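**Student:** My structure file upload_37.txt, compact mmCIF, C-alpha atoms, is below:
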```
# COMPACT_ATOMS: atom_id res chain seq x y z
CA MET A 1 25.97 8.49 10.32
CA LEU A 2 22.37 9.69 10.03
CA PHE A 3 20.55 11.13 7.05
CA SER A 4 16.94 11.95 6.29
CA ASN A 5 16.94 13.09 2.67
CA THR A 6 18.59 12.59 -0.69
CA PHE A 7 21.07 15.43 -0.20
CA GLN A 8 22.40 13.96 3.03
CA ALA A 9 22.54 10.51 1.46
CA ALA A 10 24.55 11.90 -1.44
CA LEU A 11 26.85 13.71 0.97
CA PHE A 12 27.45 10.47 2.85
CA ILE A 13 28.41 8.74 -0.40
CA LEU A 14 30.78 11.54 -1.38
CA LEU A 15 32.47 11.65 2.01
CA THR A 16 32.91 7.91 2.53
CA THR A 17 33.61 6.54 -0.95
CA THR A 18 34.93 7.65 -4.30
CA ALA A 19 31.41 7.36 -5.72
CA THR A 20 29.48 10.30 -7.16
CA LEU A 21 25.69 10.43 -7.13
CA VAL A 22 23.71 11.03 -10.33
CA GLN A 23 20.25 12.36 -9.43
CA ALA A 24 17.68 12.25 -12.24
CA GLU A 25 15.67 15.48 -12.11
CA ASP A 26 12.92 14.37 -14.49
CA GLY A 27 12.10 11.23 -12.54
CA LYS A 28 12.59 9.04 -15.61
CA LEU A 29 15.83 7.62 -14.32
CA ILE A 30 16.71 5.93 -11.02
CA PRO A 31 19.34 7.82 -8.98
CA TYR A 32 22.67 6.05 -9.21
CA ALA A 33 26.17 6.28 -7.81
CA LYS A 34 29.26 5.94 -9.96
CA VAL A 35 31.79 3.94 -7.94
CA ASP A 36 34.34 3.86 -10.76
CA ASP A 37 34.35 3.78 -14.56
CA ASN A 38 33.16 0.19 -14.55
CA PHE A 39 30.75 0.00 -11.62
CA TYR A 40 27.51 1.78 -10.78
CA VAL A 41 24.89 1.34 -8.05
CA LEU A 42 21.23 2.21 -8.57
CA LEU A 43 19.68 3.50 -5.33
CA SER A 44 15.91 3.71 -4.91
CA ASP A 45 13.68 2.03 -2.33
CA VAL A 46 10.60 3.20 -4.22
CA ASP A 47 11.57 0.94 -7.11
CA GLY A 48 12.72 -2.05 -5.07
CA SER A 49 16.24 -3.16 -4.23
CA ASN A 50 19.54 -1.45 -4.90
CA VAL A 51 21.08 -2.66 -8.16
CA GLY A 52 24.72 -3.20 -9.10
CA VAL A 53 25.85 -2.62 -12.70
CA ASN A 54 29.28 -3.90 -13.69
CA VAL A 55 30.42 -2.66 -17.10
CA ALA A 56 32.54 -5.49 -18.47
CA GLU A 57 34.27 -5.66 -21.83
CA ASN A 58 31.69 -7.95 -23.43
CA GLY A 59 28.58 -6.62 -21.69
CA LEU A 60 26.94 -5.78 -18.38
CA ILE A 61 26.59 -7.83 -15.23
CA ILE A 62 23.47 -6.83 -13.28
CA VAL A 63 23.03 -7.66 -9.60
CA ASP A 64 19.31 -7.70 -8.71
CA THR A 65 16.56 -6.26 -10.91
CA MET A 66 14.11 -4.36 -8.66
CA LEU A 67 10.31 -4.64 -8.71
CA PRO A 68 8.44 -5.36 -11.97
CA LYS A 69 6.89 -1.86 -11.94
CA ALA A 70 10.36 -0.35 -12.22
CA GLY A 71 11.15 -2.08 -15.51
CA ASP A 72 11.08 0.98 -17.78
CA LYS A 73 13.05 3.18 -15.38
CA LEU A 74 15.55 0.41 -14.72
CA THR A 75 16.16 -0.15 -18.43
CA ALA A 76 16.45 3.59 -19.12
CA THR A 77 18.91 4.05 -16.27
CA ILE A 78 21.06 1.14 -17.41
CA ARG A 79 21.10 2.63 -20.92
CA ASP A 80 22.15 5.97 -19.41
CA ILE A 81 25.13 4.19 -17.91
CA SER A 82 26.13 2.07 -20.92
CA ASP A 83 24.82 0.97 -24.29
CA LYS A 84 26.36 -2.47 -23.87
CA PRO A 85 23.93 -5.42 -23.65
CA VAL A 86 23.06 -7.00 -20.32
CA LYS A 87 25.12 -10.18 -20.46
CA PHE A 88 24.52 -11.68 -17.02
CA VAL A 89 21.97 -11.33 -14.22
CA ILE A 90 22.57 -12.49 -10.67
CA ASN A 91 20.29 -12.19 -7.66
CA THR A 92 21.29 -11.83 -4.02
CA HIS A 93 18.14 -13.80 -3.12
CA ASP A 94 14.78 -14.66 -4.64
CA HIS A 95 12.44 -12.01 -3.19
CA MET A 96 10.39 -10.12 -5.76
CA ASP A 97 11.88 -6.68 -5.06
CA HIS A 98 15.23 -8.14 -6.16
CA THR A 99 14.09 -10.33 -9.07
CA GLY A 100 11.16 -8.45 -10.60
CA ASN A 101 12.73 -7.82 -14.02
CA ASN A 102 14.80 -10.98 -14.42
CA LYS A 103 12.52 -12.36 -17.10
CA TYR A 104 12.83 -9.23 -19.24
CA PHE A 105 16.62 -9.37 -19.34
CA LEU A 106 16.73 -13.13 -19.83
CA GLU A 107 14.36 -12.88 -22.78
CA LEU A 108 16.74 -10.36 -24.33
CA GLY A 109 19.52 -12.94 -24.16
CA ALA A 110 21.10 -12.45 -20.72
CA THR A 111 22.25 -15.48 -18.77
CA ALA A 112 21.22 -16.04 -15.16
CA LEU A 113 24.28 -16.59 -12.98
CA THR A 114 23.98 -19.02 -10.10
CA GLN A 115 26.45 -20.80 -7.87
CA ASP A 116 26.52 -23.66 -10.34
CA ASN A 117 27.60 -21.64 -13.39
CA ILE A 118 29.54 -18.78 -11.86
CA THR A 119 32.84 -20.54 -11.17
CA ASN A 120 34.35 -19.59 -14.52
CA ASN A 121 33.50 -15.90 -14.23
CA LYS A 122 36.64 -14.18 -12.92
CA GLN A 123 34.95 -10.78 -12.65
CA LEU A 124 33.02 -11.68 -9.53
CA LYS A 125 33.02 -13.95 -6.53
CA VAL A 126 29.92 -15.33 -4.87
CA VAL A 127 29.77 -16.47 -1.27
CA THR A 128 26.90 -18.16 0.52
CA SER A 129 26.26 -18.27 4.23
CA THR A 130 26.44 -21.68 5.89
CA ALA A 131 23.24 -20.75 7.73
CA ALA A 132 20.11 -18.93 6.58
CA SER A 133 20.10 -15.20 7.19
CA HIS A 134 17.50 -12.87 5.70
CA SER A 135 16.27 -15.72 3.48
CA THR A 136 17.21 -19.33 2.84
CA ASN A 137 19.25 -18.54 -0.28
CA ASP A 138 21.22 -15.34 0.37
CA LEU A 139 24.29 -14.62 -1.74
CA LEU A 140 27.10 -12.14 -1.25
CA VAL A 141 28.33 -10.89 -4.61
CA TYR A 142 31.84 -9.45 -4.65
CA PHE A 143 33.60 -7.74 -7.57
CA PRO A 144 37.36 -7.91 -6.84
CA ASP A 145 38.49 -5.52 -9.60
CA ASN A 146 36.11 -2.82 -8.34
CA ASN A 147 36.28 -3.79 -4.66
CA VAL A 148 32.48 -3.65 -4.43
CA LEU A 149 30.43 -6.01 -2.28
CA MET A 150 26.70 -6.40 -2.93
CA MET A 151 25.03 -7.64 0.27
CA GLY A 152 21.37 -8.00 -0.67
CA ASP A 153 19.05 -7.96 2.34
CA THR A 154 21.58 -9.58 4.66
CA PHE A 155 22.37 -5.91 5.29
CA THR A 156 20.06 -2.89 5.15
CA ASN A 157 20.82 0.47 6.72
CA ASN A 158 17.56 2.33 6.18
CA TRP A 159 15.15 -0.08 7.84
CA TYR A 160 14.82 -2.21 10.94
CA PRO A 161 16.13 -5.72 11.76
CA THR A 162 14.65 -8.27 9.34
CA PHE A 163 16.88 -11.34 9.72
CA TRP A 164 13.83 -13.48 10.43
CA THR A 165 14.89 -16.67 8.69
CA GLY A 166 18.27 -17.35 10.24
CA GLY A 167 18.03 -15.39 13.45
CA LEU A 168 21.04 -13.77 15.05
CA LYS A 169 23.34 -16.72 14.37
CA GLY A 170 22.66 -16.66 10.65
CA GLN A 171 22.98 -12.89 10.49
CA ILE A 172 26.34 -12.82 12.27
CA ASN A 173 27.57 -15.68 10.10
CA VAL A 174 26.89 -13.88 6.84
CA ILE A 175 28.24 -10.53 8.07
CA ASN A 176 31.46 -12.17 9.19
CA LYS A 177 31.80 -13.75 5.76
CA ALA A 178 31.25 -10.33 4.20
CA LEU A 179 33.96 -8.83 6.41
CA GLU A 180 36.35 -11.58 5.33
CA LEU A 181 35.82 -10.44 1.74
CA SER A 182 36.19 -6.76 2.61
CA ASP A 183 38.96 -4.36 3.48
CA GLU A 184 38.79 -0.75 4.68
CA ASP A 185 38.36 0.48 1.09
CA THR A 186 35.58 -1.89 0.05
CA VAL A 187 32.37 -0.26 -1.16
CA VAL A 188 29.62 -2.12 0.70
CA VAL A 189 26.16 -1.96 -0.89
CA PRO A 190 23.13 -2.99 1.19
CA GLY A 191 19.99 -4.44 -0.33
CA HIS A 192 18.21 -1.25 0.69
CA GLY A 193 19.73 1.98 1.92
CA PHE A 194 22.94 3.88 1.28
CA ILE A 195 26.43 2.86 0.21
CA THR A 196 28.80 2.41 3.13
CA ASP A 197 31.99 0.56 4.07
CA SER A 198 33.20 -2.23 6.35
CA ASN A 199 32.85 0.02 9.39
CA GLY A 200 29.17 0.50 8.61
CA LEU A 201 28.82 -3.25 8.32
CA LYS A 202 30.54 -3.82 11.68
CA GLN A 203 28.19 -1.32 13.32
CA TYR A 204 25.22 -3.17 11.83
CA ARG A 205 26.53 -6.44 13.26
CA ASP A 206 26.90 -4.84 16.71
CA ASN A 207 23.37 -3.44 16.47
CA ASN A 208 22.01 -6.91 15.71
CA ILE A 209 23.74 -8.43 18.72
CA GLU A 210 22.48 -5.67 21.04
CA TRP A 211 18.95 -5.94 19.67
CA VAL A 212 18.53 -9.68 20.07
CA ASN A 213 20.35 -9.90 23.40
CA ARG A 214 18.22 -7.16 24.94
CA ILE A 215 14.95 -8.65 23.72
CA MET A 216 15.81 -12.15 24.89
CA GLU A 217 17.05 -10.81 28.23
CA LEU A 218 13.71 -9.11 28.84
CA HIS A 219 11.80 -12.15 27.58
CA ALA A 220 13.75 -14.42 29.95
CA LYS A 221 12.62 -12.20 32.83
CA GLY A 222 9.03 -13.06 31.95
CA LEU A 223 8.06 -9.67 30.50
CA ASN A 224 5.28 -9.68 27.91
CA ILE A 225 5.57 -8.15 24.44
CA GLU A 226 3.79 -4.93 25.40
CA THR A 227 6.20 -4.29 28.26
CA ILE A 228 9.29 -5.17 26.19
CA VAL A 229 8.21 -2.69 23.52
CA GLN A 230 8.23 0.10 26.11
CA ASP A 231 11.85 -0.58 27.11
CA LYS A 232 13.88 2.61 26.63
CA GLU A 233 17.15 0.79 26.01
CA LEU A 234 15.52 -1.27 23.26
CA HIS A 235 14.19 1.91 21.63
CA SER A 236 17.71 3.35 21.63
CA ILE A 237 19.03 0.21 19.93
CA LEU A 238 16.26 0.26 17.32
CA GLU A 239 17.11 3.83 16.34
CA LYS A 240 20.58 2.68 15.29
CA PHE A 241 19.18 0.52 12.49
CA ALA A 242 17.17 2.84 10.26
CA ASN A 243 19.54 5.83 10.42
CA ASP A 244 16.52 8.17 10.42
CA ALA A 245 15.99 7.37 6.74
CA ARG A 246 12.48 5.93 6.77
CA PRO A 247 10.31 7.42 9.54
CA VAL A 248 7.45 5.15 10.62
CA ALA A 249 4.09 6.68 11.49
CA ASP A 250 3.17 4.06 14.10
CA LEU A 251 6.56 2.91 15.33
CA GLU A 252 5.21 1.25 18.49
CA ARG A 253 2.95 -1.07 16.47
CA VAL A 254 5.76 -1.86 14.04
CA MET A 255 8.19 -2.38 16.89
CA GLN A 256 5.82 -4.87 18.47
CA ARG A 257 5.96 -6.92 15.28
CA PHE A 258 9.77 -6.75 15.26
CA VAL A 259 9.96 -7.90 18.87
CA GLU A 260 7.44 -10.72 18.37
CA LYS A 261 9.28 -12.04 15.31
CA THR A 262 12.66 -11.81 16.98
CA ILE A 263 11.49 -13.85 19.99
CA LYS A 264 9.70 -16.37 17.80
CA ILE A 265 12.67 -17.10 15.54
CA GLU A 266 15.25 -17.18 18.34
CA LEU A 267 13.16 -19.64 20.38
CA LYS A 268 12.54 -21.78 17.31
CA LEU A 269 16.21 -21.93 16.36
CA ALA A 270 17.23 -22.65 19.96
CA GLN A 271 15.19 -25.85 19.82
CA LYS A 272 17.12 -27.22 16.83
```
Any chance you could give the structure as structure tokens?

**Tutor:**
Amino acid sequence: MLFSNTFQAALFILLTTTATLVQAEDGKLIPYAKVDDNFYVLLSDVDGSNVGVNVAENGLIIVDTMLPKAGDKLTATIRDISDKPVKFVINTHDHMDHTGNNKYFLELGATALTQDNITNNKQLKVVTSTAASHSTNDLLVYFPDNNVLMMGDTFTNNWYPTFWTGGLKGQINVINKALELSDEDTVVVPGHGFITDSNGLKQYRDNNIEWVNRIMELHAKGLNIETIVQDKELHSILEKFANDARPVADLERVMQRFVEKTIKIELKLAQK
């Protein structure tokens, strides 16, 4: 499904999940979706990553913490959701747009959850990919009681393919693991973009396969980057990724970078 503004994004959420979107009119809060009474998702690319907020009995579990500049808005939005203290912080990976306010919450007394200390927490389940995907340390964070899966940047539906670290193999690996955790009612939250479901995740997987296969097919024929970028079929595949959410002023230049990186990583991984 395509959308190009906040209204359409909100409509998508309302039609495909039980979540309702809270849009802050004064700009002091980050827009967020209420999945159920105990789970909320903050949605704002301007401020960094999407954020999951699980309202547990003894405090809040926060998944990802946006960019440092979003600290005040992030704190205010969390307080709008609940006055309980932030008890735990977990990151889907270590990029700054997902970890920017970790220090603030940890200094207030929150505990950082990692694979090593998460085994006793029954409120969530963490799964790692056996191969690198978007980064070398991606985590899938699943909340069974809420049936919410936080994907981090192993899945984005408002931007273009960025699985540079693990290539297609790593990307498919982590998506398949996510689908093993999911059912048709699971709320799937990308690192950036809009809330979706397992069908949206399957479509993203198919897009990845089409994208890489087409590029490598053209590369194997001896076509240079400039010629590959002009391929109409490849343009059609690329359009499936961003869902018309983030128009790019100079798409051809950006697409050239995407194609170059895709070829580079696939050739590198093929040599291993």

**Student:** Which neighbours of Gly167 (chain A) fall inside 9 Å, counting all atoms listed in the file, when residues of the same chain fewer than 2 positions from it are skipped, and could you give them as an NGL selection string?

**Tutor:** :A and (132-134 or 162-165 or 169-172 or 212 or 262 or 265-266 or 269)

**Student:** With only C-alpha atoms counted, which protein, DNA or RNA residues have an atom no more than 12 Å from (20.4, -9.9, -0.4) in the file frame? Please answer as a PyMOL selection string.

**Tutor:** chain A and resi 48-52+63-66+90-99+126-129+132-141+149-156+162-163+171+174-175+178+189-192

**Student:** Point out the residue among A:Asp185, A:Glu107, A:Glu239, A:Glu226 with the least atom-to-atom distance to Trp211 (chain A), counting all atoms listed in the file.

**Tutor:**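 For Trp211 (chain A), the nearest of the candidates is A:Glu239.
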
**Student:** Hey, which of A:Leu113, A:Leu67, A:Ile78, A:Val86 ends up closest to Gly100 (chain A)? Count only C-alpha atoms.

**Tutor:**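 Ranking A:Leu113, A:Leu67, A:Ile78, A:Val86 by distance to Gly100 (chain A), first place goes to A:Leu67.
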
**Student:** Interatomic distance between CA of Ser182 (chain A) and CA of Asp145 (chain A)?

**Tutor:** 12.5 Å

**Student:** List as a VMD selection string: which residues have an atom within 10 Å of (16.3, 2.1, -13.6), counting all atoms listed in the file?

**Tutor:** chain A and resid 28 to 32 42 to 44 47 50 to 51 65 to 66 70 to 80

**Student:** How would the residues just chosen look if you wrote them out with C-alpha atoms as a short mmCIF file (atom, residue, chain, number, x, y, z; two decimals), in the frame of the given file?

**Tutor:**
```
data_model
loop_
_atom_site.label_atom_id
_atom_site.label_comp_id
_atom_site.auth_asym_id
_atom_site.auth_seq_id
_atom_site.Cartn_x
_atom_site.Cartn_y
_atom_site.Cartn_z
CA LYS A 28 12.59 9.04 -15.61
CA LEU A 29 15.83 7.62 -14.32
CA ILE A 30 16.71 5.93 -11.02
CA PRO A 31 19.34 7.82 -8.98
CA TYR A 32 22.67 6.05 -9.21
CA LEU A 42 21.23 2.21 -8.57
CA LEU A 43 19.68 3.50 -5.33
CA SER A 44 15.91 3.71 -4.91
CA ASP A 47 11.57 0.94 -7.11
CA ASN A 50 19.54 -1.45 -4.90
CA VAL A 51 21.08 -2.66 -8.16
CA THR A 65 16.56 -6.26 -10.91
CA MET A 66 14.11 -4.36 -8.66
CA ALA A 70 10.36 -0.35 -12.22
CA GLY A 71 11.15 -2.08 -15.51
CA ASP A 72 11.08 0.98 -17.78
CA LYS A 73 13.05 3.18 -15.38
CA LEU A 74 15.55 0.41 -14.72
CA THR A 75 16.16 -0.15 -18.43
CA ALA A 76 16.45 3.59 -19.12
CA THR A 77 18.91 4.05 -16.27
CA ILE A 78 21.06 1.14 -17.41
CA ARG A 79 21.10 2.63 -20.92
CA ASP A 80 22.15 5.97 -19.41
#
```

**Student:** Tell me which of A:Ile81, A:Leu238, A:Val55, A:Met255 sits closest to Ile209 (chain A), counting only C-alpha atoms.

**Tutor:**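 Ranked by minimum distance to Ile209 (chain A), first place goes to A:Leu238.
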
**Student:** Measure the distance from CA of Val254 (chain A) to CA of Ile195 (chain A) in Å and round it to one decimal.

**Tutor:**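 We find that CA of Val254 (chain A) and CA of Ile195 (chain A) lie 25.3 Å from each other.
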
**Student:** Using only C-alpha atoms, find the one residue out of A:Asp36, A:Leu223, A:Asn157, A:Val53 that sits nearest to Asp197 (chain A).

**Tutor:**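 Of the candidates, the smallest distance to Asp197 (chain A) is held by A:Asn157.
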
**Student:** From the options A:Phe105, A:Phe143, A:Tyr204, A:Tyr160, which residue's atoms come nearest to Asn38 (chain A), counting all atoms listed in the file?

**Tutor:**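 Of A:Phe105, A:Phe143, A:Tyr204, A:Tyr160, the one nearest Asn38 (chain A) is A:Phe143, counting all atoms listed in the file.
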
**Student:** Pick the closest to Lys125 (chain A) from A:Lys103, A:Asn213, A:Val148, A:Ala110: which is it, counting only C-alpha atoms?

**Tutor:**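 Nearest to Lys125 (chain A): A:Val148.
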
**Student:** Could you jot down the CA of Trp159 (chain A) to CA of Lys177 (chain A) separation for me, Å, one decimal place?

**Tutor:** 21.6 Å

**Student:** What's around Gln256 (chain A) at 8 Å? Count all atoms listed in the file, leave out sequence neighbours fewer than 2 positions away in its own chain, and write the answer as a list in words.

**Tutor:**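 Skipping anything fewer than 2 positions along the chain leaves Ile225, Glu226, Val229, Glu252, Arg253, Val254, Phe258, Val259 and Glu260 of chain A.
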